[in-house]
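Inspection log for the structure reproduced underneath, given as structure tokens.
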Amino acid sequence: RLSDGITIDVLGGPVVAGASDVMAWLDFASKDNALAASVNSERAGDWLGKNIASKVAIAPGVSYIKTIDFTELSRVNGAPGRALDVGATVASVQAVRDGQAANASAATTSVAPSEQYTRTYSPSDQGLSALLANYAKDHPGTFGVSMIELDGKKRRASYNGDKQFVTASTYKLFVAYSLMKQIDAGKRDWGSNEACFNKMISYSDNACAESFLQSLGLNNVTKDIQAIGLKNSTFMKSGGPFTTANDLTLMLGSSVNQQRLIAAMKGNVYRKGIPAGANGTVADKVGFLNALLHDAAIVYGPNGTYVLAIMTDGSSWATIADLTKQIDALRAQ
């Protein structure tokens with residue numbers, strides 16, 4: 001059956017795979033005390049891709065879509081394309097090898113048209129949330145974003161706001177909160193802790209943070225932050241600590257003795273994220289660990305003050321800065 005190769009019926013005329021090629025595709029094994037031969041999908045697929053795929057391919061068109069916020073305004077659908085279905089074609093070759101068919105057939109599959117969006121957004125809660133969702137969809141990585149205006153229109157927007165991420169160094173905000181709570185209660189004094197506190201926030205110093213955390217206790221810090229509504233933040237869950245973008249914005253909007261924390265955040269030396277994209281003065285705390293890049297900030301801008309937390313896995317500081325710039329631009333409308 002294979003001495004003359006295999007004829008594969010293709011649109012536009014048959015293609016013959018030579019005997020040596022076909023034999024090179026076969027894997028042999030013992031089955032029920034007999035020798036069984038099967039077509040190896042990877043090896044056959046390489047040959048099919050080089051010799052047949054272009055003969056059946058039709059490039060898909062483009063669908064043009066206009067939206068405002070989450071609403072589609074118009075759509076012009078592009079034509080679907082076509083591509084070689086390697087798996088089904090290999091199965092057809094196997095049928096010839098098994099003596100079930102004389103010729104094989106090149107199977108095809110439909111390819112959906114690509115989509116090109118023209119997006120507009122209203123300067124509203126819904127518009128800002130749509131901007132966050134579409135930005136995350138259009139860029140590599142996983143995002144969790146939350147924004148709350150503290151004055152002016154007091155708009156709110158989020159995308160994956162309650163998705164838990166490992167905190168990286170943003171956990172130091174929670175340590176700062178518990179520490180300042182004890183200082184305000186008279187259980188600790190500010191003078192002996194000020195230098196290490198500022199190093200922890202402005203320079204993301206790990207030694208100071210770990211020393212504070214050890215003396216405060218993981219359970220106590222978790223209780224403190226959950227008591228003010230940070231229900232998805234914890235030091236007590238394996239693999240953590242964990243937090244969310246919504247919890248970080250809530251934290252920055254309601255911390256005890258906030259001025260000392262804000263002063264240290266304004267001195268943060270890592271400024272490639274939100275500060276690089278915001279229009280105004282920024283007090284922020286970053287976190288970075290492996291592929292995690294997070295930034296939580298208070299932005300004092302010409303269009304009012306707002307808190308913004310952008311948590312990412314597999315993104316970049318430049319992307320965080322660009323998203324911040326787009327948020328600022330929409331808020332200004």
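By order of appearance in the structure tokens: chains A, B, ..., then residues from 1 within every chain, and ligands from 1 in the order shown.
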
Problem set entry | Distance query Val16 of chain A at most 7 Å, only C-alpha atoms, self and fewer than 6 positions along chain excluded, as a ChimeraX atom specification | /A:5-8

Take the residues from that selection and put them in a file with C-alpha atoms, as a PDB file, in the first residue's frame.
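Contents of the output file result.pdb:
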```pdb
ATOM      1  CA  GLY A   5       3.546   6.710  -1.422  1.00  0.00           C
ATOM      2  CA  ILE A   6       0.185   8.225  -0.507  1.00  0.00           C
ATOM      3  CA  THR A   7      -1.898  10.546  -2.636  1.00  0.00           C
ATOM      4  CA  ILE A   8      -3.466  13.349  -0.645  1.00  0.00           C
TER       5      ILE A   8
END
```

Problem set entry | Which of segment 37-218 of chain A DSSP labels helix (DSSP H, G or I), written as number ranges by chain | A: 41-51, 53-56, 86-97, 125-138, 168-184, 194-202, 206-216, 218

Within 7 Å of segment 240-246 of chain A, counting only C-alpha atoms, which residues show up once you throw out same-chain ones fewer than 2 positions away? Write them as an mmCIF file with all heavy atoms, in the first residue's frame, please.
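Everything below was put into part01.cif:
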```cif
data_model
loop_
_atom_site.group_PDB
_atom_site.id
_atom_site.type_symbol
_atom_site.label_atom_id
_atom_site.label_comp_id
_atom_site.auth_asym_id
_atom_site.auth_seq_id
_atom_site.Cartn_x
_atom_site.Cartn_y
_atom_site.Cartn_z
ATOM 1 N N GLY A 144 -4.981 43.224 38.163
ATOM 2 C CA GLY A 144 -6.000 43.574 39.132
ATOM 3 C C GLY A 144 -5.862 45.062 39.388
ATOM 4 O O GLY A 144 -4.783 45.532 39.779
ATOM 5 N N VAL A 145 -6.926 45.848 39.129
ATOM 6 C CA VAL A 145 -6.818 47.305 39.200
ATOM 7 C C VAL A 145 -8.002 47.864 39.973
ATOM 8 O O VAL A 145 -9.140 47.397 39.808
ATOM 9 C CB VAL A 145 -6.778 47.943 37.791
ATOM 10 C CG1 VAL A 145 -6.439 49.424 37.876
ATOM 11 C CG2 VAL A 145 -5.784 47.216 36.888
ATOM 12 N N SER A 146 -7.728 48.871 40.790
ATOM 13 C CA SER A 146 -8.789 49.534 41.541
ATOM 14 C C SER A 146 -8.471 51.017 41.645
ATOM 15 O O SER A 146 -7.320 51.400 41.873
ATOM 16 C CB SER A 146 -8.905 48.930 42.940
ATOM 17 O OG SER A 146 -9.909 49.587 43.701
ATOM 18 N N GLY A 161 -10.761 43.512 40.760
ATOM 19 C CA GLY A 161 -10.415 44.196 42.000
ATOM 20 C C GLY A 161 -10.293 43.285 43.200
ATOM 21 O O GLY A 161 -9.554 43.593 44.142
ATOM 22 N N ASP A 162 -11.010 42.169 43.210
ATOM 23 C CA ASP A 162 -10.962 41.242 44.336
ATOM 24 C C ASP A 162 -10.105 40.016 44.055
ATOM 25 O O ASP A 162 -10.124 39.047 44.825
ATOM 26 C CB ASP A 162 -12.382 40.796 44.715
ATOM 27 C CG ASP A 162 -13.170 41.905 45.391
ATOM 28 O OD1 ASP A 162 -12.558 42.739 46.081
ATOM 29 O OD2 ASP A 162 -14.412 41.950 45.224
ATOM 30 N N LYS A 163 -9.347 40.027 42.964
ATOM 31 C CA LYS A 163 -8.453 38.905 42.667
ATOM 32 C C LYS A 163 -7.238 38.957 43.590
ATOM 33 O O LYS A 163 -6.555 39.977 43.667
ATOM 34 C CB LYS A 163 -7.999 38.934 41.211
ATOM 35 C CG LYS A 163 -7.014 37.819 40.862
ATOM 36 C CD LYS A 163 -6.619 37.845 39.408
ATOM 37 C CE LYS A 163 -5.537 36.819 39.112
ATOM 38 N NZ LYS A 163 -5.958 35.444 39.490
ATOM 39 N N GLN A 164 -6.959 37.866 44.280
ATOM 40 C CA GLN A 164 -5.812 37.820 45.182
ATOM 41 C C GLN A 164 -4.504 37.638 44.416
ATOM 42 O O GLN A 164 -4.394 36.791 43.538
ATOM 43 C CB GLN A 164 -5.964 36.682 46.186
ATOM 44 C CG GLN A 164 -6.890 36.992 47.351
ATOM 45 C CD GLN A 164 -6.803 35.937 48.429
ATOM 46 O OE1 GLN A 164 -6.606 34.759 48.159
ATOM 47 N NE2 GLN A 164 -6.975 36.340 49.676
ATOM 48 N N PHE A 165 -3.534 38.452 44.768
ATOM 49 C CA PHE A 165 -2.158 38.321 44.296
ATOM 50 C C PHE A 165 -1.254 38.173 45.518
ATOM 51 O O PHE A 165 -1.576 38.683 46.595
ATOM 52 C CB PHE A 165 -1.704 39.573 43.535
ATOM 53 C CG PHE A 165 -2.354 39.794 42.204
ATOM 54 C CD1 PHE A 165 -3.608 40.378 42.105
ATOM 55 C CD2 PHE A 165 -1.691 39.452 41.029
ATOM 56 C CE1 PHE A 165 -4.192 40.612 40.875
ATOM 57 C CE2 PHE A 165 -2.269 39.672 39.792
ATOM 58 C CZ PHE A 165 -3.522 40.250 39.706
ATOM 59 N N VAL A 166 -0.127 37.510 45.341
ATOM 60 C CA VAL A 166 0.909 37.591 46.359
ATOM 61 C C VAL A 166 1.328 39.054 46.459
ATOM 62 O O VAL A 166 1.518 39.731 45.449
ATOM 63 C CB VAL A 166 2.110 36.695 45.997
ATOM 64 C CG1 VAL A 166 3.261 36.919 46.954
ATOM 65 C CG2 VAL A 166 1.691 35.231 45.998
ATOM 66 N N THR A 167 1.464 39.554 47.679
ATOM 67 C CA THR A 167 1.635 40.992 47.892
ATOM 68 C C THR A 167 2.937 41.560 47.364
ATOM 69 O O THR A 167 3.003 42.737 47.021
ATOM 70 C CB THR A 167 1.598 41.319 49.391
ATOM 71 O OG1 THR A 167 2.702 40.657 50.037
ATOM 72 C CG2 THR A 167 0.290 40.905 50.019
ATOM 73 N N ASN A 232 -9.857 40.366 51.923
ATOM 74 C CA ASN A 232 -9.119 39.453 51.045
ATOM 75 C C ASN A 232 -7.605 39.554 51.216
ATOM 76 O O ASN A 232 -6.852 39.075 50.376
ATOM 77 C CB ASN A 232 -9.490 39.732 49.587
ATOM 78 C CG ASN A 232 -10.927 39.343 49.277
ATOM 79 O OD1 ASN A 232 -11.357 38.245 49.603
ATOM 80 N ND2 ASN A 232 -11.670 40.250 48.668
ATOM 81 N N SER A 233 -7.181 40.185 52.304
ATOM 82 C CA SER A 233 -5.758 40.322 52.592
ATOM 83 C C SER A 233 -5.410 39.518 53.834
ATOM 84 O O SER A 233 -6.122 39.583 54.839
ATOM 85 C CB SER A 233 -5.390 41.794 52.812
ATOM 86 O OG SER A 233 -5.670 42.557 51.663
ATOM 87 N N THR A 234 -4.332 38.764 53.756
ATOM 88 C CA THR A 234 -3.977 37.905 54.886
ATOM 89 C C THR A 234 -2.517 37.496 54.839
ATOM 90 O O THR A 234 -1.926 37.357 53.769
ATOM 91 C CB THR A 234 -4.863 36.644 54.911
ATOM 92 O OG1 THR A 234 -4.489 35.830 56.024
ATOM 93 C CG2 THR A 234 -4.705 35.835 53.630
ATOM 94 N N PHE A 235 -1.956 37.328 56.053
ATOM 95 C CA PHE A 235 -0.623 36.736 56.215
ATOM 96 C C PHE A 235 -0.731 35.274 56.636
ATOM 97 O O PHE A 235 0.291 34.613 56.806
ATOM 98 C CB PHE A 235 0.167 37.494 57.290
ATOM 99 C CG PHE A 235 0.629 38.855 56.872
ATOM 100 C CD1 PHE A 235 -0.222 39.952 56.959
ATOM 101 C CD2 PHE A 235 1.910 39.055 56.386
ATOM 102 C CE1 PHE A 235 0.200 41.215 56.581
ATOM 103 C CE2 PHE A 235 2.348 40.316 56.005
ATOM 104 C CZ PHE A 235 1.491 41.396 56.104
ATOM 105 N N LYS A 237 -2.478 32.683 55.140
ATOM 106 C CA LYS A 237 -2.765 31.696 54.102
ATOM 107 C C LYS A 237 -1.468 31.219 53.473
ATOM 108 O O LYS A 237 -0.584 32.020 53.148
ATOM 109 C CB LYS A 237 -3.675 32.326 53.038
ATOM 110 C CG LYS A 237 -4.106 31.399 51.921
ATOM 111 C CD LYS A 237 -5.033 32.160 50.968
ATOM 112 C CE LYS A 237 -5.396 31.344 49.736
ATOM 113 N NZ LYS A 237 -6.274 32.099 48.813
ATOM 114 N N SER A 238 -1.344 29.909 53.311
ATOM 115 C CA SER A 238 -0.127 29.325 52.745
ATOM 116 C C SER A 238 0.185 29.905 51.378
ATOM 117 O O SER A 238 -0.705 30.080 50.547
ATOM 118 C CB SER A 238 -0.284 27.801 52.640
ATOM 119 O OG SER A 238 0.850 27.217 52.033
ATOM 120 N N LEU A 248 -5.996 47.278 48.631
ATOM 121 C CA LEU A 248 -4.930 48.285 48.696
ATOM 122 C C LEU A 248 -5.488 49.699 48.596
ATOM 123 O O LEU A 248 -5.032 50.604 49.305
ATOM 124 C CB LEU A 248 -3.905 48.038 47.591
ATOM 125 C CG LEU A 248 -2.961 46.858 47.807
ATOM 126 C CD1 LEU A 248 -2.124 46.599 46.558
ATOM 127 C CD2 LEU A 248 -2.047 47.089 49.013
ATOM 128 N N THR A 249 -6.489 49.917 47.727
ATOM 129 C CA THR A 249 -7.071 51.256 47.647
ATOM 130 C C THR A 249 -7.840 51.591 48.924
ATOM 131 O O THR A 249 -7.804 52.733 49.387
ATOM 132 C CB THR A 249 -8.000 51.401 46.427
ATOM 133 O OG1 THR A 249 -8.977 50.359 46.438
ATOM 134 C CG2 THR A 249 -7.212 51.351 45.134
ATOM 135 N N LEU A 250 -8.513 50.599 49.485
ATOM 136 C CA LEU A 250 -9.209 50.828 50.755
ATOM 137 C C LEU A 250 -8.211 51.169 51.850
ATOM 138 O O LEU A 250 -8.437 52.076 52.663
ATOM 139 C CB LEU A 250 -10.012 49.579 51.140
ATOM 140 C CG LEU A 250 -10.754 49.630 52.476
ATOM 141 C CD1 LEU A 250 -11.754 50.778 52.501
ATOM 142 C CD2 LEU A 250 -11.464 48.307 52.737
ATOM 143 N N ALA A 309 -4.510 51.389 42.699
ATOM 144 C CA ALA A 309 -3.682 50.203 42.899
ATOM 145 C C ALA A 309 -3.701 49.391 41.615
ATOM 146 O O ALA A 309 -4.768 49.080 41.083
ATOM 147 C CB ALA A 309 -4.201 49.364 44.061
ATOM 148 N N ILE A 310 -2.521 49.089 41.105
ATOM 149 C CA ILE A 310 -2.379 48.257 39.915
ATOM 150 C C ILE A 310 -1.496 47.072 40.285
ATOM 151 O O ILE A 310 -0.327 47.241 40.611
ATOM 152 C CB ILE A 310 -1.757 49.034 38.739
ATOM 153 C CG1 ILE A 310 -2.598 50.275 38.405
ATOM 154 C CG2 ILE A 310 -1.632 48.134 37.517
ATOM 155 C CD1 ILE A 310 -1.991 51.156 37.324
ATOM 156 N N MET A 311 -2.094 45.880 40.271
ATOM 157 C CA MET A 311 -1.364 44.655 40.576
ATOM 158 C C MET A 311 -1.245 43.852 39.288
ATOM 159 O O MET A 311 -2.227 43.698 38.549
ATOM 160 C CB MET A 311 -2.089 43.844 41.651
ATOM 161 C CG MET A 311 -2.413 44.639 42.904
ATOM 162 S SD MET A 311 -2.913 43.584 44.295
ATOM 163 C CE MET A 311 -1.301 42.969 44.827
#
```

Exercise. If you count only C-alpha atoms, which residues fall within 8 Å of segment 48-63 of chain A, apart from same-chain ones fewer than 4 positions away, as a list in words?
Worked result: Val10, Leu11, Gly12, Val15, Ala44, Arg75, Val76, Asn77, Gly78, Ala79, Pro80, Gly81, Arg82, Ala83, Leu84, Val86, Ala106, Thr108, Val111, Ala112, Pro113, Ser114, Glu115 and Gln116 of chain A

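Coordinates place atom CA of Lys154 of chain A at a distance of 10.7 Å from atom CA of Val307 of chain A.
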
Exercise. Using only C-alpha atoms, which of the listed residues (A:Ile298, A:Gln226, A:Ala157, A:Arg260) sits closest to Trp190 of chain A?
Worked result: A:Arg260

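Comparing A:Ser20, A:Gln333, A:Asn193, A:Ser254 by their smallest distance to Leu179 of chain A, the closest is A:Asn193 (using only C-alpha atoms).
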
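Using only C-alpha atoms for every distance, the candidate list A:Ala133, A:Met147, A:Leu26, A:Ala264 yields A:Ala264 as the residue closest to Glu194 of chain A.
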
Excluding Ala276 of chain A and residues on its chain fewer than 6 positions from it, collect all residues at most 12 Å away from it, counting only C-alpha atoms, and give them as a PDB file with C-alpha atoms, in the first residue's frame.
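For reference, part.pdb as written:
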```
ATOM      1  CA  VAL A 269      12.651  55.733  45.293  1.00  0.00           C
ATOM      2  CA  TYR A 270      10.912  53.321  42.863  1.00  0.00           C
ATOM      3  CA  VAL A 282       2.355  60.729  43.832  1.00  0.00           C
ATOM      4  CA  ALA A 283       2.808  58.952  47.152  1.00  0.00           C
ATOM      5  CA  ASP A 284       3.204  55.246  46.428  1.00  0.00           C
ATOM      6  CA  ASP A 295       2.058  49.719  42.639  1.00  0.00           C
ATOM      7  CA  ALA A 297      -0.571  55.056  45.222  1.00  0.00           C
ATOM      8  CA  VAL A 299      -2.234  60.719  43.382  1.00  0.00           C
ATOM      9  CA  TRP A 317       6.499  49.097  34.768  1.00  0.00           C
ATOM     10  CA  ALA A 318       6.062  50.864  31.418  1.00  0.00           C
ATOM     11  CA  THR A 319       2.635  49.247  31.024  1.00  0.00           C
ATOM     12  CA  ILE A 320       1.606  50.288  34.546  1.00  0.00           C
ATOM     13  CA  ALA A 321       2.714  53.845  33.764  1.00  0.00           C
ATOM     14  CA  ASP A 322       0.791  53.852  30.459  1.00  0.00           C
ATOM     15  CA  LEU A 323      -2.404  52.588  32.090  1.00  0.00           C
ATOM     16  CA  THR A 324      -2.088  55.318  34.730  1.00  0.00           C
ATOM     17  CA  LYS A 325      -1.704  57.929  31.993  1.00  0.00           C
ATOM     18  CA  ASP A 328      -5.686  60.319  34.190  1.00  0.00           C
TER      19      ASP A 328
END
```

Problem set entry | Residues near Leu2 of chain A, cut-off 9 Å, only C-alpha atoms, skip fewer than 5 positions along chain, as a list in words | Gly18, Ala19, Ser20, Val22, Met23, Val96 and Arg97 of chain A

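For the residues A:Thr222, A:Thr312, A:Ser41, A:Gln100, ranking by smallest atom-to-atom distance to Asp27 of chain A using only C-alpha atoms places A:Ser41 first.
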
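With only C-alpha atoms as the atoms that count, the minimum distance from Ile201 of chain A to the choices A:Ile262, A:Ala291, A:Ala227, A:Leu216 is reached by A:Ile262.
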
Exercise. Can you list, as a PyMOL selection string, every residue of segment 105-174 of chain A that DSSP puts in strand (DSSP E or B)?
Worked result: chain A and resi 105+108-111+114-120+142-149+156-159+165-166

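Note that the spacing between atom CA of Gln182 of chain A and atom CA of Phe288 of chain A amounts to 27.5 Å.
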